[in-house]
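Colleague: Sending over a structure as structure tokens; questions will come in a sec.
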Amino acid sequence: MATQFTLPGRTVLGADALAGSEHAIKGLGKKAFIVTGKIVTKMGTVSKLTGYLERWNIDYTVFNEIAGEPTDEMILAGVKAYEESGCDFLIGIGGGSPLDSAKAIGAMTTLEGSIADYMGVELTGDFPPLVLIPTTAGTGSETTKFTVITDTKKGVKMLLKGDDLLPEVAVIDPELTVTAPKSITAATGMDALTHAVESYISKKANVLTDLYALSAIKRIFQYLPLAYADGTDRKAREEMSIAAFEAGVCINNASVTLVHGMSRPIGALFHVPHGISNAMLITECLSYVADGCYGRFADMARAIGAATEETEEKEASEAFLKALKSLCSQCEIPTLEEYGIQKEEFERVSQKMAEDAMASGSPSNTRKEISKEDLLKIYSRLF
């Protein structure tokens, strides 16, 4: 069966990618609407971008009101600011939140109604040109047709999608990730790993996503501990940026499975950063579904050197899960309890979380058949 494989319109990747993106960005418009957050602005990263824009004779307006994970209210404010600015294209710079927000703001400058109206609906339209510049190595938002926005009225993280959300240009400059603190390095790195692993075990995987996924998994197991231990390790930062891109390409074309499905409700209700909630769940989730595709887990184990070609598939799968648990420990991923979530409160909303997870459609991509009751069992094991 034929499959579609999509990427950003153009990708500029590697050392000095930002400096080298002039030709890619210049033809998109005359005035850029820069979507970012106050921390990225304070760290001076936005000023690097605006310095280049000034040299390239591109005018700009900065909207740095993205705080934490994006909500429908932030998007509404961004749309209003865009419409008042006279801008004709957008640049998202920062972690996954500003990048997701830039996609959503761009779409809602064209679409009618509220962004919540588009839950489960393909977003299509003649959206303003979009440039995405990640400052973390993990979310992969710069490579995907997805954006995750919280519906503040329903307390639900909406997974919105559409091929028209893909950026015209993705600029991936590892130097921009060097200042990321250890906690962000761990969260985004584990997010990238979750993307790669879930795409590999997804029913929607194909020959191209398999290549990208195994490459990303191998890089992350080798280089995430190094980047976490020493943020100035340029080699580790570069390899993690490549891995994040590869993993983003994977989910754009093969989607995710139950880890993401179960993670989003935790983020929405307990305000846990997306990468951390993924990492909290990943070992329990994958342990639960490994028997649905031992061969694929064995492939991942061999890719990271945890098993050989001679190792039996089930044994190799167990070796991969053991290595995964060790990686989480190296990156000091907290448990729900260590994060401060109360067991009683978690159990009180577990039914809603399981329902929201199933409604997202992500768990149904898992090769093992998964029901709401299965998700409740996994949630119960987290304590």
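Going by the structure tokens order, chains are called A, B, ..., each with residues numbered from 1, while ligands are numbered from 1 in the order shown.
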Could you list, as a PDB file with N, CA and C atoms, in the first residue's frame, every residue within 12 Å of region 363-372 of chain A, counting only C-alpha atoms and ignoring same-chain residues fewer than 6 positions away?
Modeller:
```pdb
ATOM      1  N   VAL A 197      10.513   6.040  19.144  1.00  0.00           N
ATOM      2  CA  VAL A 197      10.085   4.694  19.537  1.00  0.00           C
ATOM      3  C   VAL A 197       8.628   4.458  19.151  1.00  0.00           C
ATOM      4  N   GLU A 198       7.777   5.432  19.443  1.00  0.00           N
ATOM      5  CA  GLU A 198       6.351   5.235  19.147  1.00  0.00           C
ATOM      6  C   GLU A 198       6.097   5.119  17.645  1.00  0.00           C
ATOM      7  N   SER A 199       6.812   5.899  16.858  1.00  0.00           N
ATOM      8  CA  SER A 199       6.619   5.784  15.411  1.00  0.00           C
ATOM      9  C   SER A 199       7.066   4.413  14.916  1.00  0.00           C
ATOM     10  N   TYR A 200       8.097   3.854  15.543  1.00  0.00           N
ATOM     11  CA  TYR A 200       8.609   2.570  15.102  1.00  0.00           C
ATOM     12  C   TYR A 200       7.644   1.426  15.436  1.00  0.00           C
ATOM     13  N   ILE A 201       6.916   1.564  16.551  1.00  0.00           N
ATOM     14  CA  ILE A 201       5.970   0.505  16.920  1.00  0.00           C
ATOM     15  C   ILE A 201       4.547   0.820  16.461  1.00  0.00           C
ATOM     16  N   SER A 202       4.365   1.929  15.755  1.00  0.00           N
ATOM     17  CA  SER A 202       3.046   2.326  15.266  1.00  0.00           C
ATOM     18  C   SER A 202       2.591   1.464  14.099  1.00  0.00           C
ATOM     19  N   LYS A 203       1.294   1.257  14.010  1.00  0.00           N
ATOM     20  CA  LYS A 203       0.712   0.559  12.860  1.00  0.00           C
ATOM     21  C   LYS A 203       0.955   1.336  11.565  1.00  0.00           C
ATOM     22  N   LYS A 204       1.196   2.635  11.687  1.00  0.00           N
ATOM     23  CA  LYS A 204       1.353   3.495  10.511  1.00  0.00           C
ATOM     24  C   LYS A 204       2.804   3.618  10.056  1.00  0.00           C
ATOM     25  N   ALA A 205       3.707   2.903  10.704  1.00  0.00           N
ATOM     26  CA  ALA A 205       5.121   2.961  10.317  1.00  0.00           C
ATOM     27  C   ALA A 205       5.299   2.509   8.880  1.00  0.00           C
ATOM     28  N   ILE A 251       7.080  11.048  13.509  1.00  0.00           N
ATOM     29  CA  ILE A 251       5.695  11.172  13.972  1.00  0.00           C
ATOM     30  C   ILE A 251       4.839  11.912  12.955  1.00  0.00           C
ATOM     31  N   ALA A 254       4.193   8.729  10.707  1.00  0.00           N
ATOM     32  CA  ALA A 254       3.740   7.456  11.277  1.00  0.00           C
ATOM     33  C   ALA A 254       2.941   7.634  12.555  1.00  0.00           C
ATOM     34  N   SER A 255       2.839   8.872  13.038  1.00  0.00           N
ATOM     35  CA  SER A 255       2.061   9.222  14.221  1.00  0.00           C
ATOM     36  C   SER A 255       2.670   8.612  15.506  1.00  0.00           C
ATOM     37  N   VAL A 256       1.922   8.735  16.600  1.00  0.00           N
ATOM     38  CA  VAL A 256       2.357   8.248  17.911  1.00  0.00           C
ATOM     39  C   VAL A 256       1.368   7.200  18.406  1.00  0.00           C
ATOM     40  N   THR A 257       1.635   6.656  19.593  1.00  0.00           N
ATOM     41  CA  THR A 257       0.774   5.584  20.108  1.00  0.00           C
ATOM     42  C   THR A 257       0.290   5.933  21.514  1.00  0.00           C
ATOM     43  N   LEU A 258       0.272   4.942  22.391  1.00  0.00           N
ATOM     44  CA  LEU A 258      -0.398   5.153  23.670  1.00  0.00           C
ATOM     45  C   LEU A 258       0.377   6.064  24.631  1.00  0.00           C
ATOM     46  N   VAL A 259       1.700   6.177  24.511  1.00  0.00           N
ATOM     47  CA  VAL A 259       2.439   7.036  25.442  1.00  0.00           C
ATOM     48  C   VAL A 259       1.950   8.477  25.316  1.00  0.00           C
ATOM     49  N   HIS A 260       1.914   8.980  24.090  1.00  0.00           N
ATOM     50  CA  HIS A 260       1.435  10.346  23.889  1.00  0.00           C
ATOM     51  C   HIS A 260      -0.038  10.484  24.249  1.00  0.00           C
ATOM     52  N   GLY A 261      -0.821   9.471  23.884  1.00  0.00           N
ATOM     53  CA  GLY A 261      -2.241   9.524  24.210  1.00  0.00           C
ATOM     54  C   GLY A 261      -2.473   9.663  25.704  1.00  0.00           C
ATOM     55  N   MET A 262      -1.697   8.938  26.512  1.00  0.00           N
ATOM     56  CA  MET A 262      -1.853   8.974  27.964  1.00  0.00           C
ATOM     57  C   MET A 262      -1.149  10.161  28.598  1.00  0.00           C
ATOM     58  N   SER A 263      -0.158  10.694  27.905  1.00  0.00           N
ATOM     59  CA  SER A 263       0.621  11.802  28.443  1.00  0.00           C
ATOM     60  C   SER A 263      -0.132  13.125  28.407  1.00  0.00           C
ATOM     61  N   ARG A 264      -0.858  13.373  27.307  1.00  0.00           N
ATOM     62  CA  ARG A 264      -1.519  14.673  27.148  1.00  0.00           C
ATOM     63  C   ARG A 264      -2.480  14.990  28.290  1.00  0.00           C
ATOM     64  N   CYS A 285       4.338   2.041  29.794  1.00  0.00           N
ATOM     65  CA  CYS A 285       3.537   1.867  28.577  1.00  0.00           C
ATOM     66  C   CYS A 285       4.155   0.837  27.635  1.00  0.00           C
ATOM     67  N   LEU A 286       5.453   0.985  27.387  1.00  0.00           N
ATOM     68  CA  LEU A 286       6.102   0.086  26.436  1.00  0.00           C
ATOM     69  C   LEU A 286       6.206  -1.335  26.978  1.00  0.00           C
ATOM     70  N   SER A 287       6.400  -1.471  28.280  1.00  0.00           N
ATOM     71  CA  SER A 287       6.424  -2.805  28.889  1.00  0.00           C
ATOM     72  C   SER A 287       5.090  -3.514  28.671  1.00  0.00           C
ATOM     73  N   TYR A 288       4.013  -2.730  28.710  1.00  0.00           N
ATOM     74  CA  TYR A 288       2.668  -3.284  28.588  1.00  0.00           C
ATOM     75  C   TYR A 288       2.373  -3.771  27.175  1.00  0.00           C
ATOM     76  N   VAL A 289       2.957  -3.118  26.168  1.00  0.00           N
ATOM     77  CA  VAL A 289       2.602  -3.456  24.780  1.00  0.00           C
ATOM     78  C   VAL A 289       3.697  -4.211  24.029  1.00  0.00           C
ATOM     79  N   ALA A 290       4.825  -4.475  24.683  1.00  0.00           N
ATOM     80  CA  ALA A 290       5.952  -5.116  23.983  1.00  0.00           C
ATOM     81  C   ALA A 290       5.575  -6.457  23.374  1.00  0.00           C
ATOM     82  N   ASP A 291       4.692  -7.193  24.038  1.00  0.00           N
ATOM     83  CA  ASP A 291       4.338  -8.516  23.514  1.00  0.00           C
ATOM     84  C   ASP A 291       3.520  -8.438  22.232  1.00  0.00           C
ATOM     85  N   GLY A 292       3.122  -7.228  21.839  1.00  0.00           N
ATOM     86  CA  GLY A 292       2.406  -7.067  20.584  1.00  0.00           C
ATOM     87  C   GLY A 292       3.325  -6.963  19.383  1.00  0.00           C
ATOM     88  N   CYS A 293       4.605  -6.720  19.633  1.00  0.00           N
ATOM     89  CA  CYS A 293       5.561  -6.623  18.509  1.00  0.00           C
ATOM     90  C   CYS A 293       6.987  -6.810  19.020  1.00  0.00           C
ATOM     91  N   TYR A 294       7.270  -7.979  19.566  1.00  0.00           N
ATOM     92  CA  TYR A 294       8.609  -8.274  20.088  1.00  0.00           C
ATOM     93  C   TYR A 294       9.699  -8.013  19.045  1.00  0.00           C
ATOM     94  N   GLY A 295       9.391  -8.295  17.790  1.00  0.00           N
ATOM     95  CA  GLY A 295      10.398  -8.126  16.749  1.00  0.00           C
ATOM     96  C   GLY A 295      10.851  -6.683  16.627  1.00  0.00           C
ATOM     97  N   ARG A 296       9.911  -5.754  16.736  1.00  0.00           N
ATOM     98  CA  ARG A 296      10.252  -4.335  16.630  1.00  0.00           C
ATOM     99  C   ARG A 296      11.056  -3.873  17.845  1.00  0.00           C
ATOM    100  N   PHE A 297      10.704  -4.350  19.021  1.00  0.00           N
ATOM    101  CA  PHE A 297      11.483  -4.004  20.211  1.00  0.00           C
ATOM    102  C   PHE A 297      12.890  -4.600  20.116  1.00  0.00           C
ATOM    103  N   SER A 350      -8.583   9.642  36.824  1.00  0.00           N
ATOM    104  CA  SER A 350      -8.020   8.647  35.907  1.00  0.00           C
ATOM    105  C   SER A 350      -9.024   8.216  34.842  1.00  0.00           C
ATOM    106  N   GLN A 351     -10.306   8.130  35.197  1.00  0.00           N
ATOM    107  CA  GLN A 351     -11.324   7.764  34.209  1.00  0.00           C
ATOM    108  C   GLN A 351     -11.370   8.789  33.077  1.00  0.00           C
ATOM    109  N   LYS A 352     -11.381  10.073  33.446  1.00  0.00           N
ATOM    110  CA  LYS A 352     -11.402  11.140  32.438  1.00  0.00           C
ATOM    111  C   LYS A 352     -10.139  11.081  31.582  1.00  0.00           C
ATOM    112  N   MET A 353      -8.987  10.861  32.224  1.00  0.00           N
ATOM    113  CA  MET A 353      -7.733  10.819  31.468  1.00  0.00           C
ATOM    114  C   MET A 353      -7.751   9.671  30.460  1.00  0.00           C
ATOM    115  N   ALA A 354      -8.230   8.507  30.891  1.00  0.00           N
ATOM    116  CA  ALA A 354      -8.282   7.352  29.995  1.00  0.00           C
ATOM    117  C   ALA A 354      -9.247   7.615  28.837  1.00  0.00           C
ATOM    118  N   GLU A 355     -10.373   8.240  29.129  1.00  0.00           N
ATOM    119  CA  GLU A 355     -11.348   8.571  28.078  1.00  0.00           C
ATOM    120  C   GLU A 355     -10.756   9.571  27.083  1.00  0.00           C
ATOM    121  N   ASP A 356     -10.085  10.608  27.621  1.00  0.00           N
ATOM    122  CA  ASP A 356      -9.473  11.616  26.745  1.00  0.00           C
ATOM    123  C   ASP A 356      -8.355  11.005  25.899  1.00  0.00           C
ATOM    124  N   ALA A 357      -7.604  10.095  26.512  1.00  0.00           N
ATOM    125  CA  ALA A 357      -6.518   9.440  25.779  1.00  0.00           C
ATOM    126  C   ALA A 357      -7.068   8.617  24.617  1.00  0.00           C
ATOM    127  N   ILE A 378      -2.454   0.806  33.299  1.00  0.00           N
ATOM    128  CA  ILE A 378      -1.133   1.442  33.219  1.00  0.00           C
ATOM    129  C   ILE A 378      -1.069   2.654  34.137  1.00  0.00           C
ATOM    130  N   TYR A 379      -2.104   3.479  34.139  1.00  0.00           N
ATOM    131  CA  TYR A 379      -2.138   4.641  35.039  1.00  0.00           C
ATOM    132  C   TYR A 379      -1.968   4.198  36.492  1.00  0.00           C
TER     133      TYR A 379
END
```
Colleague: For Ala81 (chain A), find every residue with an atom within 12 Å (counting only C-alpha atoms), except residues of its own chain fewer than 2 positions away, and show them as a PDB file with C-alpha atoms, in the first residue's frame.
Modeller:
```
ATOM      1  CA  PHE A  33       5.694  38.238  13.287  1.00  0.00           C
ATOM      2  CA  ILE A  34       8.043  36.536  15.777  1.00  0.00           C
ATOM      3  CA  VAL A  35       6.295  34.157  18.174  1.00  0.00           C
ATOM      4  CA  THR A  61       7.271  42.536  15.486  1.00  0.00           C
ATOM      5  CA  VAL A  62       7.983  40.374  18.543  1.00  0.00           C
ATOM      6  CA  PHE A  63       5.114  38.609  20.324  1.00  0.00           C
ATOM      7  CA  ASN A  64       6.655  36.954  23.374  1.00  0.00           C
ATOM      8  CA  GLU A  65       3.531  36.084  25.344  1.00  0.00           C
ATOM      9  CA  MET A  74      -2.608  32.675  24.095  1.00  0.00           C
ATOM     10  CA  ILE A  75      -3.459  31.840  20.483  1.00  0.00           C
ATOM     11  CA  LEU A  76      -6.349  34.307  20.469  1.00  0.00           C
ATOM     12  CA  ALA A  77      -4.041  37.035  21.795  1.00  0.00           C
ATOM     13  CA  GLY A  78      -1.446  36.165  19.173  1.00  0.00           C
ATOM     14  CA  VAL A  79      -3.955  36.339  16.321  1.00  0.00           C
ATOM     15  CA  GLU A  83      -3.686  41.304  12.666  1.00  0.00           C
ATOM     16  CA  GLU A  84      -2.699  44.637  14.214  1.00  0.00           C
ATOM     17  CA  SER A  85       0.997  44.343  13.283  1.00  0.00           C
ATOM     18  CA  GLY A  86       0.935  44.551   9.508  1.00  0.00           C
ATOM     19  CA  CYS A  87       3.103  41.426   9.294  1.00  0.00           C
ATOM     20  CA  LEU A  90       5.518  34.270  10.940  1.00  0.00           C
ATOM     21  CA  ILE A 105      -1.687  31.615  15.232  1.00  0.00           C
ATOM     22  CA  GLY A 106      -0.908  31.458  11.533  1.00  0.00           C
ATOM     23  CA  MET A 108      -6.304  31.156  12.919  1.00  0.00           C
ATOM     24  CA  THR A 109      -5.480  34.358  11.029  1.00  0.00           C
TER      25      THR A 109
END
```
Colleague: Using only C-alpha atoms for the distances, tell me which of A:Thr232, A:Ser362, A:Ser326, A:Thr194 is nearest to Leu214 (chain A).
Modeller: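 The closest residue to Leu214 (chain A) is A:Thr194.
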Colleague: When distances are computed from only C-alpha atoms, which of A:Gly125, A:Thr135, A:Ala279, A:Asp88 shows the smallest separation from Gly44 (chain A)?
Modeller: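 Checking each of A:Gly125, A:Thr135, A:Ala279, A:Asp88 against Gly44 (chain A), counting only C-alpha atoms, the winner is A:Thr135.
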Colleague: Which one of A:Lys154, A:Lys31, A:Leu18, A:Tyr339 sits closest to Gly51 (chain A) if you count only C-alpha atoms?
Modeller: A:Leu18
Colleague: Write out as a VMD selection string each polymer residue whose atoms come within 9 Å of Leu160 (chain A), counting only C-alpha atoms; drop sequence neighbours fewer than 4 positions from it.
Modeller: chain A and resid 104 115 118 to 123 145 to 149
Colleague: For those residues, write C-alpha atoms to a file as a PDB file, in the first residue's frame.
Modeller:
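Full text of result-v4.pdb as output:
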```
ATOM      1  CA  ALA A 104      -1.848  27.820  15.447  1.00  0.00           C
ATOM      2  CA  ILE A 115      -9.424  27.102  17.562  1.00  0.00           C
ATOM      3  CA  TYR A 118     -10.991  22.416  14.844  1.00  0.00           C
ATOM      4  CA  MET A 119     -10.431  19.535  17.246  1.00  0.00           C
ATOM      5  CA  GLY A 120     -10.489  16.418  15.075  1.00  0.00           C
ATOM      6  CA  VAL A 121     -10.785  18.451  11.874  1.00  0.00           C
ATOM      7  CA  GLU A 122      -8.057  18.813   9.236  1.00  0.00           C
ATOM      8  CA  LEU A 123      -6.779  22.411   9.275  1.00  0.00           C
ATOM      9  CA  LYS A 145       1.866  19.004  10.743  1.00  0.00           C
ATOM     10  CA  PHE A 146       0.702  18.897  14.374  1.00  0.00           C
ATOM     11  CA  THR A 147       0.126  21.512  17.051  1.00  0.00           C
ATOM     12  CA  VAL A 148      -0.993  20.830  20.631  1.00  0.00           C
ATOM     13  CA  ILE A 149      -3.084  23.576  22.248  1.00  0.00           C
TER      14      ILE A 149
END
```
Colleague: Write out as a list in words the residues lying within 9 Å of Leu336 (chain A), counting only C-alpha atoms and excluding same-chain residues fewer than 5 positions away.
Modeller: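 Skipping anything fewer than 5 positions along the chain leaves Ser277, Met280, Ile341, Gln342, Lys343, Leu382 and Phe383 of chain A.
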Colleague: One decimal, in Å: what's the spacing between CA of Gly96 (chain A) and CA of Thr3 (chain A)?
Modeller: 26.7 Å
Colleague: Using backbone DSSP assignments, extract all strand (DSSP E or B) residues from region 88-265 of chain A; output them as number ranges by chain.
Modeller: A: 89-94, 122, 130-134, 146-151, 156-161, 169-172, 202
